[in-house]
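Here's structure.txt, which has compact mmCIF, C-alpha atoms:
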# COMPACT_ATOMS: atom_id res chain seq x y z
CA MET A 178 14.05 12.52 26.58
CA ALA A 179 10.39 13.49 26.29
CA ALA A 180 9.85 10.24 24.43
CA THR A 181 11.50 8.42 27.33
CA VAL A 182 9.11 10.03 29.81
CA ALA A 183 6.13 9.07 27.64
CA ALA A 184 7.39 5.51 27.34
CA ARG A 185 7.89 5.29 31.09
CA ARG A 186 4.37 6.49 31.75
CA GLY A 187 3.08 3.92 29.26
CA ALA A 188 4.89 1.23 31.22
CA GLY A 189 3.22 2.37 34.44
CA LEU A 190 6.44 3.60 36.11
CA GLY A 191 5.58 7.28 36.33
CA PRO A 192 7.75 10.20 35.16
CA LEU A 193 11.50 10.38 35.75
CA PRO A 194 12.69 12.76 38.52
CA VAL A 195 13.35 16.26 37.22
CA LEU A 196 16.89 16.38 38.62
CA LEU A 197 17.73 13.11 36.92
CA LEU A 198 16.42 14.39 33.62
CA CYS A 199 18.49 17.55 33.87
CA ALA A 200 21.65 15.66 34.84
CA ALA A 201 21.22 13.19 32.01
CA ALA A 202 20.54 15.93 29.49
CA GLY A 203 23.65 17.81 30.53
CA SER A 204 26.04 14.88 30.50
CA LEU A 205 24.80 13.19 27.33
CA VAL A 206 26.64 15.84 25.35
CA GLY A 207 29.97 14.20 26.05
CA ALA A 208 28.71 10.63 26.18
CA GLN A 209 30.80 7.90 24.57
CA ILE A 210 28.72 6.08 21.94
CA THR A 211 29.43 2.77 20.23
CA SER A 212 27.29 1.04 17.63
CA GLU A 213 27.06 -2.36 15.95
CA THR A 214 24.63 -4.49 13.94
CA LYS A 215 23.48 -8.04 14.68
CA GLU A 216 21.38 -10.38 12.55
CA VAL A 217 19.58 -13.44 13.91
CA PRO A 218 16.95 -15.77 12.40
CA GLU A 219 13.39 -15.43 13.60
CA ASN A 220 12.33 -17.56 16.60
CA GLN A 221 15.94 -17.91 17.77
CA PRO A 222 17.56 -16.60 21.01
CA VAL A 223 19.95 -13.66 20.94
CA ASP A 224 22.26 -11.77 23.31
CA ILE A 225 22.46 -7.99 22.90
CA PRO A 226 25.58 -6.62 24.61
CA CYS A 227 25.80 -3.39 26.55
CA LEU A 228 29.19 -2.17 25.36
CA ALA A 229 28.75 1.02 27.35
CA TYR A 230 29.14 -0.83 30.65
CA SER A 231 32.49 -0.57 32.42
CA SER A 232 33.43 -2.57 35.49
CA HIS A 233 35.53 0.38 36.69
CA TRP A 234 32.39 2.31 37.58
CA SER A 235 31.03 1.64 41.03
CA ASN A 236 27.28 0.98 41.25
CA PRO A 237 26.40 2.35 37.78
CA ARG A 238 22.79 2.98 36.77
CA ILE A 239 21.77 1.17 33.59
CA GLU A 240 18.85 1.90 31.29
CA TRP A 241 17.71 0.06 28.14
CA LYS A 242 15.56 1.57 25.40
CA PHE A 243 14.12 0.20 22.17
CA GLN A 244 13.72 2.43 19.13
CA LYS A 245 11.78 1.53 15.98
CA GLY A 246 11.20 4.35 13.55
CA SER A 247 9.95 7.32 15.54
CA SER A 248 8.81 5.14 18.48
CA LEU A 249 10.99 4.97 21.60
CA VAL A 250 10.19 2.56 24.44
CA LEU A 251 11.94 2.41 27.83
CA PHE A 252 11.92 -1.27 28.80
CA TYR A 253 14.52 -1.45 31.58
CA TYR A 254 14.72 1.20 34.30
CA GLY A 255 15.18 1.26 38.05
CA GLY A 256 16.36 -2.33 38.16
CA GLN A 257 13.29 -3.87 36.54
CA LEU A 258 11.96 -4.83 33.12
CA THR A 259 8.74 -3.34 31.81
CA GLU A 260 5.94 -5.14 30.03
CA PRO A 261 5.96 -7.08 27.76
CA TYR A 262 9.66 -7.84 28.24
CA LYS A 263 9.43 -9.35 31.72
CA THR A 264 8.68 -12.82 30.38
CA ARG A 265 10.92 -12.62 27.32
CA VAL A 266 14.13 -10.92 28.42
CA GLN A 267 16.81 -11.71 31.00
CA PHE A 268 18.92 -8.78 32.22
CA SER A 269 22.52 -8.58 33.30
CA ARG A 270 24.88 -5.62 33.55
CA THR A 271 26.74 -6.59 30.39
CA MET A 272 23.83 -7.66 28.16
CA ILE A 273 20.17 -8.53 27.72
CA HIS A 274 19.15 -11.99 26.58
CA PHE A 275 16.06 -12.72 24.46
CA THR A 276 14.81 -16.28 24.78
CA THR A 277 13.30 -15.93 21.32
CA VAL A 278 12.85 -13.09 18.84
CA THR A 279 10.20 -12.29 16.24
CA ARG A 280 10.19 -9.91 13.30
CA ALA A 281 8.59 -7.28 15.55
CA ASP A 282 11.84 -7.15 17.58
CA THR A 283 13.78 -5.69 14.65
CA GLY A 284 15.06 -2.25 15.67
CA LYS A 285 17.68 -0.34 17.65
CA TYR A 286 18.53 -1.31 21.25
CA ILE A 287 20.12 1.48 23.27
CA CYS A 288 22.03 0.91 26.51
CA GLU A 289 22.85 3.97 28.64
CA VAL A 290 25.10 3.69 31.67
CA VAL A 291 25.50 6.48 34.21
CA GLY A 292 28.55 6.14 36.45
CA ASP A 293 30.37 8.22 39.05
CA ASN A 294 30.18 12.00 38.69
CA SER A 295 27.32 11.58 36.19
CA GLN A 296 29.60 10.04 33.61
CA ILE A 297 27.55 8.59 30.79
CA ALA A 298 28.39 5.96 28.21
CA LYS A 299 26.00 4.79 25.52
CA SER A 300 25.98 1.83 23.14
CA GLU A 301 23.58 0.90 20.35
CA VAL A 302 22.85 -2.42 18.66
CA ASN A 303 20.83 -2.53 15.46
CA LEU A 304 19.06 -5.88 15.57
CA ILE A 305 17.79 -7.38 12.33
CA VAL A 306 15.55 -10.41 12.78
CA GLN A 307 15.95 -12.42 9.59
CA VAL A 308 12.71 -13.43 7.84
CA PRO A 309 12.67 -14.95 4.35
CA PRO A 310 10.53 -13.15 1.78
CA SER A 311 7.05 -14.36 0.99
CA LYS A 312 5.72 -14.80 -2.55
CA PRO A 313 5.70 -11.34 -4.15
CA VAL A 314 2.87 -9.89 -6.20
CA ALA A 315 3.54 -8.52 -9.70
CA HIS A 316 1.37 -5.61 -10.82
CA VAL A 317 1.52 -5.70 -14.64
CA PRO A 318 -0.89 -3.98 -17.08
CA THR A 319 -2.38 -6.50 -19.50
CA SER A 320 -2.17 -3.97 -22.35
CA ALA A 321 0.03 -0.97 -23.12
CA THR A 322 -0.04 1.52 -25.99
CA ILE A 323 3.13 1.79 -28.04
CA GLY A 324 4.79 5.15 -27.43
CA SER A 325 3.22 5.61 -23.98
CA LYS A 326 4.53 4.94 -20.45
CA ALA A 327 3.93 1.63 -18.63
CA LEU A 328 4.61 1.04 -14.93
CA LEU A 329 5.16 -2.45 -13.47
CA ARG A 330 5.47 -2.96 -9.69
CA CYS A 331 6.61 -5.84 -7.48
CA THR A 332 5.50 -5.88 -3.83
CA GLU A 333 6.44 -8.05 -0.82
CA THR A 334 5.83 -7.20 2.85
CA ASP A 335 7.24 -10.01 5.04
CA GLY A 336 10.98 -10.17 4.27
CA SER A 337 13.53 -8.90 6.82
CA PRO A 338 15.84 -7.33 5.89
CA PRO A 339 13.71 -5.83 3.10
CA PRO A 340 14.30 -7.78 -0.11
CA THR A 341 15.64 -6.60 -3.42
CA PHE A 342 13.80 -7.35 -6.66
CA GLN A 343 14.54 -8.70 -10.11
CA TRP A 344 12.31 -8.85 -13.19
CA TYR A 345 12.01 -11.54 -15.83
CA LYS A 346 10.54 -11.34 -19.33
CA ASN A 347 9.64 -14.65 -20.96
CA SER A 348 11.73 -16.37 -18.23
CA MET A 349 14.81 -14.28 -19.15
CA LEU A 350 16.44 -12.12 -16.45
CA MET A 351 16.20 -8.42 -17.29
CA PRO A 352 19.43 -6.47 -16.66
CA ILE A 353 19.43 -3.16 -14.80
CA ASP A 354 20.56 -1.40 -18.00
CA PRO A 355 18.88 -2.78 -21.13
CA LYS A 356 21.66 -1.42 -23.34
CA THR A 357 24.12 -3.89 -21.82
CA SER A 358 22.22 -6.88 -23.22
CA LEU A 359 21.74 -7.88 -26.84
CA SER A 360 18.37 -9.37 -25.90
CA PHE A 361 16.99 -6.13 -24.43
CA ARG A 362 18.83 -3.33 -26.24
CA ASN A 363 15.70 -2.54 -28.31
CA SER A 364 13.74 -1.81 -25.15
CA SER A 365 13.73 1.44 -23.16
CA TYR A 366 13.17 0.86 -19.45
CA THR A 367 14.50 1.66 -15.99
CA LEU A 368 14.55 -0.86 -13.13
CA ASP A 369 14.89 -0.07 -9.42
CA PRO A 370 15.93 -3.23 -7.48
CA THR A 371 15.13 -1.58 -4.12
CA THR A 372 11.52 -0.59 -4.84
CA GLY A 373 10.80 -3.26 -7.46
CA VAL A 374 9.47 -0.70 -9.97
CA LEU A 375 10.00 -1.41 -13.69
CA THR A 376 9.17 1.53 -15.97
CA PHE A 377 8.87 1.37 -19.76
CA GLU A 378 9.16 4.81 -21.37
CA PRO A 379 8.26 4.64 -24.14
CA VAL A 380 6.64 1.25 -24.69
CA SER A 381 7.70 -0.48 -27.92
CA SER A 382 6.38 -3.50 -29.79
CA PHE A 383 9.36 -5.44 -28.43
CA ASP A 384 7.96 -5.15 -24.89
CA THR A 385 5.11 -7.61 -25.46
CA GLY A 386 5.68 -10.68 -23.28
CA ASP A 387 5.14 -12.56 -20.01
CA TYR A 388 6.53 -10.76 -16.94
CA TYR A 389 7.16 -11.91 -13.37
CA CYS A 390 9.35 -10.63 -10.51
CA GLU A 391 11.56 -12.24 -7.86
CA ALA A 392 12.22 -11.12 -4.26
CA SER A 393 15.34 -12.15 -2.29
CA ASN A 394 17.14 -11.02 0.88
CA ASN A 395 19.71 -13.84 1.34
CA VAL A 396 17.42 -15.45 3.94
CA GLY A 397 15.85 -18.63 2.65
CA SER A 398 15.10 -19.11 -1.05
CA PRO A 399 14.17 -16.32 -3.49
CA GLN A 400 10.43 -16.16 -4.18
CA ARG A 401 8.81 -15.55 -7.56
CA SER A 402 5.46 -14.04 -8.48
CA GLU A 403 2.94 -15.32 -10.98
CA ALA A 404 3.62 -14.40 -14.62
CA ILE A 405 1.33 -11.85 -16.30
CA HIS A 406 1.17 -11.18 -20.04
CA MET A 407 1.50 -7.59 -21.29
CA GLU A 408 0.49 -6.82 -24.86
CA ALA A 409 2.01 -3.75 -26.53
CA SER A 410 -0.09 -2.46 -29.44
CA GLU A 411 -0.76 0.60 -31.59
CA VAL A 412 -3.77 2.82 -30.99
CA ASN A 413 -6.72 1.08 -32.73
CA VAL A 414 -7.99 3.97 -34.90
CA GLY A 415 -10.24 1.67 -36.94
CA GLY A 416 -11.90 0.37 -33.81
CA ILE A 417 -12.55 3.89 -32.54
CA VAL A 418 -14.12 4.94 -35.88
CA ALA A 419 -16.30 1.83 -35.92
CA ALA A 420 -17.50 2.55 -32.38
CA VAL A 421 -18.42 6.13 -33.34
CA VAL A 422 -20.36 4.91 -36.42
CA VAL A 423 -22.30 2.39 -34.32
CA LEU A 424 -23.14 5.07 -31.77
CA LEU A 425 -24.45 7.42 -34.48
CA MET A 426 -26.60 4.62 -35.93
CA VAL A 427 -28.13 3.94 -32.52
CA LEU A 428 -28.93 7.64 -32.05
CA ALA A 429 -30.49 7.81 -35.54
CA LEU A 430 -32.68 4.79 -34.85
CA ALA A 431 -33.81 6.30 -31.56
CA ALA A 432 -34.71 9.60 -33.28
CA PHE A 433 -36.67 7.76 -36.02
CA GLY A 434 -38.61 5.78 -33.40
CA ILE A 435 -39.63 8.99 -31.60
CA TRP A 436 -40.73 10.62 -34.89
CA PHE A 437 -42.74 7.56 -35.97
CA ALA A 438 -44.54 7.39 -32.61
CA TYR A 439 -45.38 11.10 -32.84
CA THR A 440 -46.87 10.81 -36.32
CA ARG A 441 -49.10 7.96 -35.17
CA GLY A 442 -50.54 10.10 -32.41
CA PHE A 443 -49.01 8.32 -29.47
CA PHE A 444 -48.02 11.68 -27.99
CA SER A 445 -51.47 13.50 -28.63
CA SER A 446 -54.34 13.82 -26.10
CA ASP A 447 -58.10 14.92 -26.11
CA THR A 448 -58.28 18.26 -24.32
CA THR A 449 -61.97 19.25 -25.07
CA GLY A 450 -63.59 17.07 -22.47
CA LYS A 451 -66.91 17.49 -24.25
CA LYS A 452 -69.21 15.07 -26.10
CA VAL A 453 -71.99 16.09 -28.56
CA ILE A 454 -75.02 13.86 -29.14
CA TYR A 455 -77.31 14.46 -32.11
CA SER A 456 -80.91 13.15 -32.32
CA GLN A 457 -82.97 12.63 -35.47
CA PRO A 458 -85.95 14.99 -36.08
CA SER A 459 -89.36 13.54 -35.09
CA HIS A 460 -92.77 13.95 -36.80
CA ARG A 461 -94.51 16.86 -35.11
CA SER A 462 -97.50 18.98 -35.94
CA GLU A 463 -97.02 22.40 -37.42
CA GLY A 464 -98.16 24.07 -34.20
CA GLU A 465 -95.63 22.37 -32.06
CA PHE A 466 -92.19 23.65 -31.14
CA LYS A 467 -89.92 23.46 -34.20
CA GLN A 468 -86.73 22.14 -32.43
CA THR A 469 -85.28 19.35 -34.57
CA SER A 470 -82.13 18.57 -32.66
CA SER A 471 -80.87 18.73 -29.16
CA PHE A 472 -77.41 19.33 -27.70
CA LEU A 473 -76.12 17.69 -24.59
CA VAL A 474 -72.98 19.12 -23.06

Spell out the structure here as structure tokens.
Amino acid sequence: MAATVAARRGAGLGPLPVLLLCAAAGSLVGAQITSETKEVPENQPVDIPCLAYSSHWSNPRIEWKFQKGSSLVLFYYGGQLTEPYKTRVQFSRTMIHFTTVTRADTGKYICEVVGDNSQIAKSEVNLIVQVPPSKPVAHVPTSATIGSKALLRCTETDGSPPPTFQWYKNSMLMPIDPKTSLSFRNSSYTLDPTTGVLTFEPVSSFDTGDYYCEASNNVGSPQRSEAIHMEASEVNVGGIVAAVVVLLMVLALAAFGIWFAYTRGFFSSDTTGKKVIYSQPSHRSEGEFKQTSSFLV
């Protein structure tokens, strides 16, 4: 009921009267509830009946609500439609009529009728707006190591009702249980048609091939993804050893280059900062000063 109040405020109608809320809460315990499911193609009209309505009740009060997941919207209350249903829906006591529906209209439509002495009846219609699936996307690893786990996924977001999925290897349909097929009994995998997840555990050499998935919901034609090749191979020990040898050679060459540069003095520097200049002795008389060289610092 709190969700109803929030929805009513969002529609600009203000909160429900407290007495009305209390009466409804008390009488809903014994309410008669009916439920059904309707499917209609997108962009087509549809009538959603209010099976809770009874002509034996004089001047009943009728409310309509729309529920999708955890969201609850009150779109008919107090004799008027709320936005955005005013231009799309026609109301009568026995039903509501959509001039056209889109995939966003998929959900549960709840009709509550309050009659004499606060009698309450309630009916629900689960509306499924049919939308064909779009082209799915296959998520396939291009390589997988034999003995490990490989996960393949198929995704599609437009179909209503949500589609189921099938997988193909080299254009051959993969069964749910590989042990039931002579063509796949050497493979170990699990396949979930609801989520579209294909799991190889463990991967074997037999699992190399081209994979694609297909989405279908009985609305329109099934849609297939692009094929992607997955190669199953052993761990390449030789390649790993070769890579390590190359890395060691590169490190050795780098060390030799540093040593060679050091021996050639590329890493030495002059720290004295001094320069000595020598001059040749000149011819002087014996009585003159005997200095034969000079030092300039």

Would you mind reading off the distance between CA of Thr372 (chain A) and CA of Pro340 (chain A), one decimal, in Å? 9.0 Å

Contact check, region 297-338 of chain A to region 213-218 of chain A, at most 10 Å, counting all atoms listed in the file, closest pairs as a tab-separated table:
residue	atom	partner	partner_atom	distance
A:Ser300	CA	A:Glu213	CA	8.4
A:Glu301	CA	A:Glu213	CA	6.5
A:Val302	CA	A:Glu213	CA	5.0
A:Asn303	CA	A:Thr214	CA	4.5
A:Leu304	CA	A:Lys215	CA	5.0
A:Ile305	CA	A:Glu216	CA	4.7
A:Val306	CA	A:Val217	CA	5.2
A:Gln307	CA	A:Pro218	CA	4.5
A:Val308	CA	A:Pro218	CA	6.7
A:Pro309	CA	A:Pro218	CA	9.2
A:Ser337	CA	A:Pro218	CA	9.5
A:Pro338	CA	A:Glu216	CA	9.2

What does the file look like for those residues with C-alpha atoms, as a PDB file, keeping the file's coordinate frame?
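Everything below was put into result_21.pdb:
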ATOM      1  CA  SER A 300      25.980   1.830  23.140  1.00  0.00           C
ATOM      2  CA  GLU A 301      23.580   0.900  20.350  1.00  0.00           C
ATOM      3  CA  VAL A 302      22.850  -2.420  18.660  1.00  0.00           C
ATOM      4  CA  ASN A 303      20.830  -2.530  15.460  1.00  0.00           C
ATOM      5  CA  LEU A 304      19.060  -5.880  15.570  1.00  0.00           C
ATOM      6  CA  ILE A 305      17.790  -7.380  12.330  1.00  0.00           C
ATOM      7  CA  VAL A 306      15.550 -10.410  12.780  1.00  0.00           C
ATOM      8  CA  GLN A 307      15.950 -12.420   9.590  1.00  0.00           C
ATOM      9  CA  VAL A 308      12.710 -13.430   7.840  1.00  0.00           C
ATOM     10  CA  PRO A 309      12.670 -14.950   4.350  1.00  0.00           C
ATOM     11  CA  SER A 337      13.530  -8.900   6.820  1.00  0.00           C
ATOM     12  CA  PRO A 338      15.840  -7.330   5.890  1.00  0.00           C
TER      13      PRO A 338
END

Please, what is the axis-aligned box for every listed atom of region 325-333 of chain A with 6 Å on each side, as centre and edge lengths in Å to one decimal, as AutoDock Vina command-line options?
--center_x 4.9 --center_y -1.2 --center_z -12.4 --size_x 15.4 --size_y 25.7 --size_z 35.2

Quick one: pull the distance between CA of Ala321 (chain A) and CA of Lys346 (chain A), Å, one decimal. 15.2 Å

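Checking A:Asp335, A:Glu378, A:Glu219, A:Asp369 one by one against Asp282 (chain A), counting all atoms listed in the file, you find the shortest gap at A:Glu219.
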
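Residues with any atom within 10 Å of Thr319 (chain A), counting only C-alpha atoms and excluding same-chain neighbours fewer than 6 positions away, are Thr385, Gly386, Asp387, Ile405, His406, Met407, Glu408 and Ala409 of chain A.
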
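Among A:Glu240, A:Glu391, A:Glu289, A:Asp354, the residue with the shortest atom-to-atom distance to Thr259 (chain A), counting only C-alpha atoms, is A:Glu240.
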
Please provide the set of residues having any atom within 8 Å of Gly324 (chain A), restricted to all atoms listed in the file, with same-chain residues fewer than 3 positions apart removed, written as number ranges by chain. A: 378-381

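Taking CA of Trp234 (chain A) and CA of Leu249 (chain A) as endpoints, the distance between them is 26.8 Å.
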
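The neighbours of Tyr253 (chain A) here are the residues that come within 9 Å of it, using all atoms listed in the file and leaving out any residue fewer than 6 positions away in the same chain; they are Ile239, Glu240, Trp241, Lys242, Thr259, Tyr262 and Phe268 of chain A.
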
Counting all atoms listed in the file, find the residues whose atoms lie at most 12 Å from (15.3, -18.6, 0.4) (file coordinates) and write them out as a VMD selection string. chain A and resid 307 to 312 336 to 337 340 391 to 401
